[in-house]
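S.K.: This is the structure, below, for whatever I ask next.
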Amino acid sequence: MTPKTVATNPHRMPRQIAPGVFWIGDCLAQRHKGKSYHGYNAAFVVAGETASCLVETGHPKDFPVIEHHIAKLHAQGIPPLKYLFITHQETPHSGGLGRVLKTYPDVILCGDVSDYHLSFPQFEHRMTFMKEGDEIDLGGRSIMAVEPVIRDLRTTWWGFDTKERVLFPGDGFAYSHYHEDGHCGLTAEEAISLDLPDVSSTFADLALFWTKFADMNVYCGRLDELIERLDVRYIGPTHGLPITDVNGTVPKVQQGLKEAALMPESGTNEKVVLTAPAAE
Ligand SMILES: [Zn+2]
Ligand SMILES: [Zn+2]
């Protein structure tokens with residue numbers, strides 16, 4: 001089934017998930033096992049004292065929403081958008097890149113910027129490579145490139161806000177939610193009826209196929225190590241709901257990753273069953 005845009009809870013966005021860190025974007029509706037699942041292709045704005053950084057561009061379809069949310073934040077007084085950090089090159093993360101660079105002429109693209117100049121040669125002078133530990137200074141806080149434990153492209157970096165200790169893990173901590181249950185715009189902890197291990201394993205099954213061939217205990221251990229080393233206090237996933245209780249919620253997502261690794265492949269999308277009209 002063709003995914004369609006659903007007008008969800010516009011009043012919840014932009015939503016501040018930590019001081020100076022705003023969740024923006026919209027849901028994407030899909031069908032799976034006969035149910036209406038919502039995913040996010042979220043973006044985040046991190047506001048420092050002198051500059052703001054957009055983390056991810058959101059899905060191309062969401063650019064009008066993203067632009068509207070950024071305008072709202074600027075009207076509330078955040079510093080001008082000067083940086084765009086993208087975790088990797090897949091469309092839900094980077095698909096708005098050209099529009100962002102055109103709309104905000106001062107913005108510099110940061111991250112592993114391999115190949116972007118092939119699509120946007122006119123913006124090549126506004127692209128800066130980052131590697132692990134490199135930081136973008138926003139005044140009083142910075143966005144640092146950190147180890148991308150769960151990833152599907154070689155060029156992936158995760159982002160980390162050094163002030164409020166917010167991790168932006170791209171495809172990590174990815175899971176859907178239910179529109180009917182009012183989960184849209186809620187944090188993982190607020191969506192109390194959401195079965196996190198179940199929706200996490202579904203996402204891994206559909207979108208992170210490599211997890212079936214890897215020992216996910218090793219990856220989960222690596223995640224724990226990263227979270228402890230950085231003293232992560234919030235997580236802003238691109239495809240999940242923001243996590244505000246790291247100790248309580250992360251183990252549930254990890255349980256889903258481990259379960260998905262043991263499930264047989266179920267295919268990438270719901271199959272449409274066509275039935276022939278009954279013979280007369
Ligand atoms: Zn993704
Ligand atoms: Zn939703």
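By order in the structure tokens, chains are A, B, ...; within a chain, residues start at 1; ligands start at 1, following the order shown.
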Can you pull out the residues contacting region 204-221 of chain A? Cut-off 9 Å, using only C-alpha atoms, and skip same-chain residues under 2 positions away; I want them as a ChimeraX atom specification.

M.R.: /A:149-152,171,174-175,199-202,223-226,251,254,256-258,260-269

S.K.: Filtering to N, CA and C atoms, could you give me those residues as a PDB file, in the first residue's frame?

M.R.:
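And here is the file that came out, out_8.pdb:
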ATOM      1  N   VAL A 149      26.495   2.937  16.307  1.00  0.00           N
ATOM      2  CA  VAL A 149      26.477   1.495  16.627  1.00  0.00           C
ATOM      3  C   VAL A 149      25.519   0.722  15.708  1.00  0.00           C
ATOM      4  N   ILE A 150      24.298   1.226  15.542  1.00  0.00           N
ATOM      5  CA  ILE A 150      23.319   0.580  14.654  1.00  0.00           C
ATOM      6  C   ILE A 150      23.239   1.420  13.377  1.00  0.00           C
ATOM      7  N   ARG A 151      23.610   0.834  12.254  1.00  0.00           N
ATOM      8  CA  ARG A 151      23.623   1.629  11.024  1.00  0.00           C
ATOM      9  C   ARG A 151      23.433   0.721   9.822  1.00  0.00           C
ATOM     10  N   ASP A 152      23.069   1.344   8.720  1.00  0.00           N
ATOM     11  CA  ASP A 152      22.953   0.544   7.506  1.00  0.00           C
ATOM     12  C   ASP A 152      23.806   1.083   6.370  1.00  0.00           C
ATOM     13  N   ASP A 171      19.197   5.671  12.465  1.00  0.00           N
ATOM     14  CA  ASP A 171      18.373   4.465  12.380  1.00  0.00           C
ATOM     15  C   ASP A 171      18.369   3.637  13.670  1.00  0.00           C
ATOM     16  N   ALA A 174      14.738   2.596  16.364  1.00  0.00           N
ATOM     17  CA  ALA A 174      13.680   2.821  15.383  1.00  0.00           C
ATOM     18  C   ALA A 174      12.488   1.922  15.700  1.00  0.00           C
ATOM     19  N   TYR A 175      11.313   2.517  15.783  1.00  0.00           N
ATOM     20  CA  TYR A 175      10.104   1.728  16.001  1.00  0.00           C
ATOM     21  C   TYR A 175       8.892   2.580  15.646  1.00  0.00           C
ATOM     22  N   VAL A 199       7.259  -3.380  18.637  1.00  0.00           N
ATOM     23  CA  VAL A 199       7.397  -2.457  17.505  1.00  0.00           C
ATOM     24  C   VAL A 199       8.865  -2.285  17.093  1.00  0.00           C
ATOM     25  N   SER A 200       9.792  -2.443  18.042  1.00  0.00           N
ATOM     26  CA  SER A 200      11.223  -2.363  17.692  1.00  0.00           C
ATOM     27  C   SER A 200      11.626  -3.556  16.839  1.00  0.00           C
ATOM     28  N   SER A 201      11.139  -4.754  17.209  1.00  0.00           N
ATOM     29  CA  SER A 201      11.525  -5.935  16.444  1.00  0.00           C
ATOM     30  C   SER A 201      10.900  -5.872  15.054  1.00  0.00           C
ATOM     31  N   THR A 202       9.697  -5.330  14.926  1.00  0.00           N
ATOM     32  CA  THR A 202       9.055  -5.201  13.610  1.00  0.00           C
ATOM     33  C   THR A 202       9.877  -4.292  12.708  1.00  0.00           C
ATOM     34  N   LEU A 223      26.112  -0.558  22.514  1.00  0.00           N
ATOM     35  CA  LEU A 223      25.206   0.573  22.778  1.00  0.00           C
ATOM     36  C   LEU A 223      25.290   0.997  24.239  1.00  0.00           C
ATOM     37  N   ASP A 224      25.272   0.002  25.137  1.00  0.00           N
ATOM     38  CA  ASP A 224      25.364   0.295  26.569  1.00  0.00           C
ATOM     39  C   ASP A 224      26.653   1.049  26.875  1.00  0.00           C
ATOM     40  N   GLU A 225      27.727   0.587  26.240  1.00  0.00           N
ATOM     41  CA  GLU A 225      29.044   1.205  26.453  1.00  0.00           C
ATOM     42  C   GLU A 225      29.040   2.672  26.017  1.00  0.00           C
ATOM     43  N   LEU A 226      28.454   2.917  24.828  1.00  0.00           N
ATOM     44  CA  LEU A 226      28.400   4.289  24.289  1.00  0.00           C
ATOM     45  C   LEU A 226      27.558   5.192  25.191  1.00  0.00           C
ATOM     46  N   PRO A 251      16.559  -0.780  27.442  1.00  0.00           N
ATOM     47  CA  PRO A 251      16.516  -2.248  27.467  1.00  0.00           C
ATOM     48  C   PRO A 251      15.331  -2.830  26.697  1.00  0.00           C
ATOM     49  N   GLN A 254      16.270  -2.773  23.054  1.00  0.00           N
ATOM     50  CA  GLN A 254      17.290  -3.812  22.826  1.00  0.00           C
ATOM     51  C   GLN A 254      16.655  -5.196  22.778  1.00  0.00           C
ATOM     52  N   GLY A 256      13.762  -5.876  21.648  1.00  0.00           N
ATOM     53  CA  GLY A 256      13.176  -5.987  20.305  1.00  0.00           C
ATOM     54  C   GLY A 256      14.216  -6.325  19.259  1.00  0.00           C
ATOM     55  N   LEU A 257      15.392  -5.712  19.361  1.00  0.00           N
ATOM     56  CA  LEU A 257      16.470  -5.988  18.393  1.00  0.00           C
ATOM     57  C   LEU A 257      16.896  -7.443  18.475  1.00  0.00           C
ATOM     58  N   LYS A 258      17.003  -7.939  19.702  1.00  0.00           N
ATOM     59  CA  LYS A 258      17.434  -9.336  19.888  1.00  0.00           C
ATOM     60  C   LYS A 258      16.365 -10.300  19.375  1.00  0.00           C
ATOM     61  N   ALA A 260      14.118  -9.675  16.990  1.00  0.00           N
ATOM     62  CA  ALA A 260      14.033  -9.594  15.522  1.00  0.00           C
ATOM     63  C   ALA A 260      15.112 -10.445  14.872  1.00  0.00           C
ATOM     64  N   ALA A 261      16.277 -10.512  15.528  1.00  0.00           N
ATOM     65  CA  ALA A 261      17.392 -11.280  14.963  1.00  0.00           C
ATOM     66  C   ALA A 261      17.043 -12.766  14.862  1.00  0.00           C
ATOM     67  N   LEU A 262      16.109 -13.233  15.707  1.00  0.00           N
ATOM     68  CA  LEU A 262      15.752 -14.651  15.725  1.00  0.00           C
ATOM     69  C   LEU A 262      14.524 -14.965  14.866  1.00  0.00           C
ATOM     70  N   MET A 263      13.848 -13.904  14.363  1.00  0.00           N
ATOM     71  CA  MET A 263      12.632 -14.118  13.581  1.00  0.00           C
ATOM     72  C   MET A 263      12.985 -14.455  12.131  1.00  0.00           C
ATOM     73  N   PRO A 264      12.206 -15.348  11.482  1.00  0.00           N
ATOM     74  CA  PRO A 264      12.436 -15.563  10.052  1.00  0.00           C
ATOM     75  C   PRO A 264      12.040 -14.314   9.276  1.00  0.00           C
ATOM     76  N   GLU A 265      12.601 -14.151   8.099  1.00  0.00           N
ATOM     77  CA  GLU A 265      12.301 -12.959   7.304  1.00  0.00           C
ATOM     78  C   GLU A 265      10.811 -12.927   6.957  1.00  0.00           C
ATOM     79  N   SER A 266      10.185 -11.758   7.103  1.00  0.00           N
ATOM     80  CA  SER A 266       8.754 -11.679   6.799  1.00  0.00           C
ATOM     81  C   SER A 266       8.483 -10.873   5.545  1.00  0.00           C
ATOM     82  N   GLY A 267       9.521 -10.397   4.865  1.00  0.00           N
ATOM     83  CA  GLY A 267       9.302  -9.584   3.667  1.00  0.00           C
ATOM     84  C   GLY A 267       9.266  -8.122   4.018  1.00  0.00           C
ATOM     85  N   THR A 268       9.377  -7.275   3.003  1.00  0.00           N
ATOM     86  CA  THR A 268       9.551  -5.858   3.287  1.00  0.00           C
ATOM     87  C   THR A 268       8.250  -5.094   3.437  1.00  0.00           C
ATOM     88  N   ASN A 269       7.169  -5.584   2.887  1.00  0.00           N
ATOM     89  CA  ASN A 269       5.921  -4.839   2.988  1.00  0.00           C
ATOM     90  C   ASN A 269       4.739  -5.791   2.969  1.00  0.00           C
TER      91      ASN A 269
END

S.K.: Name each residue within 7 Å of ligand 1, counting only C-alpha atoms and all ligand atoms, as a ChimeraX atom specification.

M.R.: /A:90,92-93,170-171,238-239

S.K.: Using the selection just defined, write its residues with N, CA and C atoms as a PDB file, in the first residue's frame.

M.R.:
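Below is the file that was written, selection-v9.pdb:
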ATOM      1  N   GLU A  90      20.422   8.140   3.333  1.00  0.00           N
ATOM      2  CA  GLU A  90      19.125   7.629   2.899  1.00  0.00           C
ATOM      3  C   GLU A  90      18.079   8.747   2.904  1.00  0.00           C
ATOM      4  N   PRO A  92      14.916   9.327   3.945  1.00  0.00           N
ATOM      5  CA  PRO A  92      14.218   9.900   5.104  1.00  0.00           C
ATOM      6  C   PRO A  92      15.122  10.763   5.994  1.00  0.00           C
ATOM      7  N   HIS A  93      16.435  10.656   5.795  1.00  0.00           N
ATOM      8  CA  HIS A  93      17.382  11.422   6.614  1.00  0.00           C
ATOM      9  C   HIS A  93      17.909  12.649   5.866  1.00  0.00           C
ATOM     10  N   GLY A 170      20.063   8.365  14.383  1.00  0.00           N
ATOM     11  CA  GLY A 170      19.654   7.999  13.021  1.00  0.00           C
ATOM     12  C   GLY A 170      18.735   6.795  13.021  1.00  0.00           C
ATOM     13  N   ASP A 171      19.197   5.671  12.465  1.00  0.00           N
ATOM     14  CA  ASP A 171      18.373   4.465  12.380  1.00  0.00           C
ATOM     15  C   ASP A 171      18.369   3.637  13.670  1.00  0.00           C
ATOM     16  N   THR A 238      15.509   9.114  14.690  1.00  0.00           N
ATOM     17  CA  THR A 238      14.836   9.637  13.496  1.00  0.00           C
ATOM     18  C   THR A 238      13.503   8.928  13.283  1.00  0.00           C
ATOM     19  N   HIS A 239      13.454   7.619  13.608  1.00  0.00           N
ATOM     20  CA  HIS A 239      12.243   6.860  13.297  1.00  0.00           C
ATOM     21  C   HIS A 239      11.446   6.413  14.530  1.00  0.00           C
TER      22      HIS A 239
END

S.K.: Using only C-alpha atoms and all ligand atoms, which protein or nucleic acid residues are at most 7 Å from ligand 2, as a list in words?

M.R.: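 For ligand 2, the residues inside 7 Å are Thr8, Cys27, Leu28, His38, Gly39, His177, Tyr178, His179, His183, Cys184 and Gly185 of chain A.
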
S.K.: Got time to write the residues from that selection, C-alpha atoms, as a PDB file, in the first residue's frame?

M.R.:
ATOM      1  CA  THR A   8      -1.423  14.237  13.041  1.00  0.00           C
ATOM      2  CA  CYS A  27       4.375  10.913  10.914  1.00  0.00           C
ATOM      3  CA  LEU A  28       4.282   8.560   7.941  1.00  0.00           C
ATOM      4  CA  HIS A  38       2.944   5.268  12.032  1.00  0.00           C
ATOM      5  CA  GLY A  39       6.629   5.898  11.632  1.00  0.00           C
ATOM      6  CA  HIS A 177       3.595   3.760  16.926  1.00  0.00           C
ATOM      7  CA  TYR A 178      -0.211   3.680  16.664  1.00  0.00           C
ATOM      8  CA  HIS A 179      -2.098   6.746  15.509  1.00  0.00           C
ATOM      9  CA  HIS A 183       0.876   8.081  20.320  1.00  0.00           C
ATOM     10  CA  CYS A 184       1.743  10.737  17.732  1.00  0.00           C
ATOM     11  CA  GLY A 185       3.937  13.428  19.243  1.00  0.00           C
TER      12      GLY A 185
END

S.K.: Near Glu189 (chain A), counting only C-alpha atoms, which residues have an atom at most 8 Å away, once you skip same-chain residues fewer than 3 positions from it, shown as an mmCIF file with C-alpha atoms, in the first residue's frame?

M.R.:
data_model
loop_
_atom_site.group_PDB
_atom_site.id
_atom_site.type_symbol
_atom_site.label_atom_id
_atom_site.label_comp_id
_atom_site.auth_asym_id
_atom_site.auth_seq_id
_atom_site.Cartn_x
_atom_site.Cartn_y
_atom_site.Cartn_z
ATOM 1 C CA LEU A 186 4.447 11.554 22.534
ATOM 2 C CA ILE A 192 2.307 3.757 27.767
ATOM 3 C CA ILE A 243 13.420 8.631 24.831
ATOM 4 C CA THR A 244 13.578 10.612 28.073
ATOM 5 C CA ASP A 245 14.236 7.712 30.487
ATOM 6 C CA THR A 249 13.454 2.423 27.943
#

S.K.: CA of Trp23 (chain A) and CA of Phe123 (chain A) are how many Å apart?

M.R.: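 Interatomic distance here is 26.2 Å.
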
S.K.: Can you work out which one of A:Ser52, A:Thr57, A:Thr91, A:Ser176 has the shortest atom-to-atom distance to His74 (chain A), counting only C-alpha atoms?

M.R.: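 Of A:Ser52, A:Thr57, A:Thr91, A:Ser176, the one nearest His74 (chain A), counting only C-alpha atoms, is A:Ser52.
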
S.K.: Using DSSP on the backbone coordinates, identify the residues of region 48-225 of chain A assigned to helix (DSSP H, G or I); present them as a PyMOL selection string.

M.R.: chain A and resi 60-75+91-94+97-103+116-119+121-126+196-207+209-213+216-225

S.K.: In Å, rounded to a single decimal, give me how far CA of Ser142 (chain A) is from CA of Thr87 (chain A).

M.R.: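 Computing the Euclidean distance for CA of Thr87 (chain A) and CA of Ser142 (chain A) yields 15.6 Å.
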
S.K.: Go through A:Ile24, A:Leu109, A:Leu84, A:Val166 one by one, measure the shortest atom-to-atom distance of each to Thr128 (chain A) using only C-alpha atoms, and give the residue with the smallest value.

M.R.: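 Closest residue, counting only C-alpha atoms: A:Leu109.
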
S.K.: From a backbone DSSP assignment, name each residue in region 41-227 of chain A labelled strand (DSSP E or B), as a PDB file with C-alpha atoms, in the first residue's frame.

M.R.:
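In the end it all went to part11.pdb:
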ATOM      1  CA  ALA A  43      14.280  16.068  12.406  1.00  0.00           C
ATOM      2  CA  PHE A  44      15.567  17.978  15.426  1.00  0.00           C
ATOM      3  CA  VAL A  45      16.713  21.544  16.003  1.00  0.00           C
ATOM      4  CA  VAL A  46      19.452  22.144  18.582  1.00  0.00           C
ATOM      5  CA  ALA A  47      19.672  25.777  19.620  1.00  0.00           C
ATOM      6  CA  SER A  52      21.258  26.507  15.693  1.00  0.00           C
ATOM      7  CA  CYS A  53      21.776  23.148  14.029  1.00  0.00           C
ATOM      8  CA  LEU A  54      19.212  21.071  12.169  1.00  0.00           C
ATOM      9  CA  VAL A  55      19.771  17.342  12.717  1.00  0.00           C
ATOM     10  CA  LEU A  81      20.164  28.043  11.529  1.00  0.00           C
ATOM     11  CA  LYS A  82      23.840  27.718  10.582  1.00  0.00           C
ATOM     12  CA  TYR A  83      24.442  23.969  10.407  1.00  0.00           C
ATOM     13  CA  LEU A  84      22.787  20.837   9.096  1.00  0.00           C
ATOM     14  CA  PHE A  85      24.030  17.506  10.495  1.00  0.00           C
ATOM     15  CA  ILE A 108      26.793  24.438   6.261  1.00  0.00           C
ATOM     16  CA  LEU A 109      26.226  20.689   5.766  1.00  0.00           C
ATOM     17  CA  CYS A 110      28.202  18.569   8.264  1.00  0.00           C
ATOM     18  CA  GLY A 111      28.825  14.849   8.722  1.00  0.00           C
ATOM     19  CA  MET A 127      29.913  20.875   2.881  1.00  0.00           C
ATOM     20  CA  THR A 128      32.250  19.941   5.757  1.00  0.00           C
ATOM     21  CA  PHE A 129      33.500  16.450   6.569  1.00  0.00           C
ATOM     22  CA  GLU A 135      32.331  19.061  17.003  1.00  0.00           C
ATOM     23  CA  ILE A 136      30.161  21.851  15.616  1.00  0.00           C
ATOM     24  CA  ASP A 137      30.186  24.824  18.015  1.00  0.00           C
ATOM     25  CA  SER A 142      28.136  21.589  20.418  1.00  0.00           C
ATOM     26  CA  ILE A 143      27.065  18.723  18.188  1.00  0.00           C
ATOM     27  CA  MET A 144      29.664  15.960  18.163  1.00  0.00           C
ATOM     28  CA  ALA A 145      29.986  13.057  15.702  1.00  0.00           C
ATOM     29  CA  VAL A 146      29.950   9.784  17.671  1.00  0.00           C
ATOM     30  CA  TRP A 158      25.481   9.581  15.023  1.00  0.00           C
ATOM     31  CA  GLY A 159      25.184  13.055  16.535  1.00  0.00           C
ATOM     32  CA  PHE A 160      25.462  14.049  20.199  1.00  0.00           C
ATOM     33  CA  ASP A 161      24.515  17.308  21.941  1.00  0.00           C
ATOM     34  CA  VAL A 166      21.100  14.098  23.728  1.00  0.00           C
ATOM     35  CA  LEU A 167      22.025  11.269  21.336  1.00  0.00           C
ATOM     36  CA  PHE A 168      20.752  11.473  17.733  1.00  0.00           C
ATOM     37  CA  HIS A 177       3.595   3.760  16.926  1.00  0.00           C
ATOM     38  CA  TYR A 178      -0.211   3.680  16.664  1.00  0.00           C
TER      39      TYR A 178
END

S.K.: Can you work out the spacing between CA of Glu228 (chain A) and CA of Met130 (chain A) in Å, to one decimal?

M.R.: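 About the pair CA of Glu228 (chain A) and CA of Met130 (chain A): they are 22.6 Å apart.
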
S.K.: From the set A:Gly58, A:Pro148, A:Pro197, A:Pro19, which residue has the shortest atom-to-atom contact distance to Lys252 (chain A), counting only C-alpha atoms?

M.R.: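 The closest residue to Lys252 (chain A) is A:Pro197.
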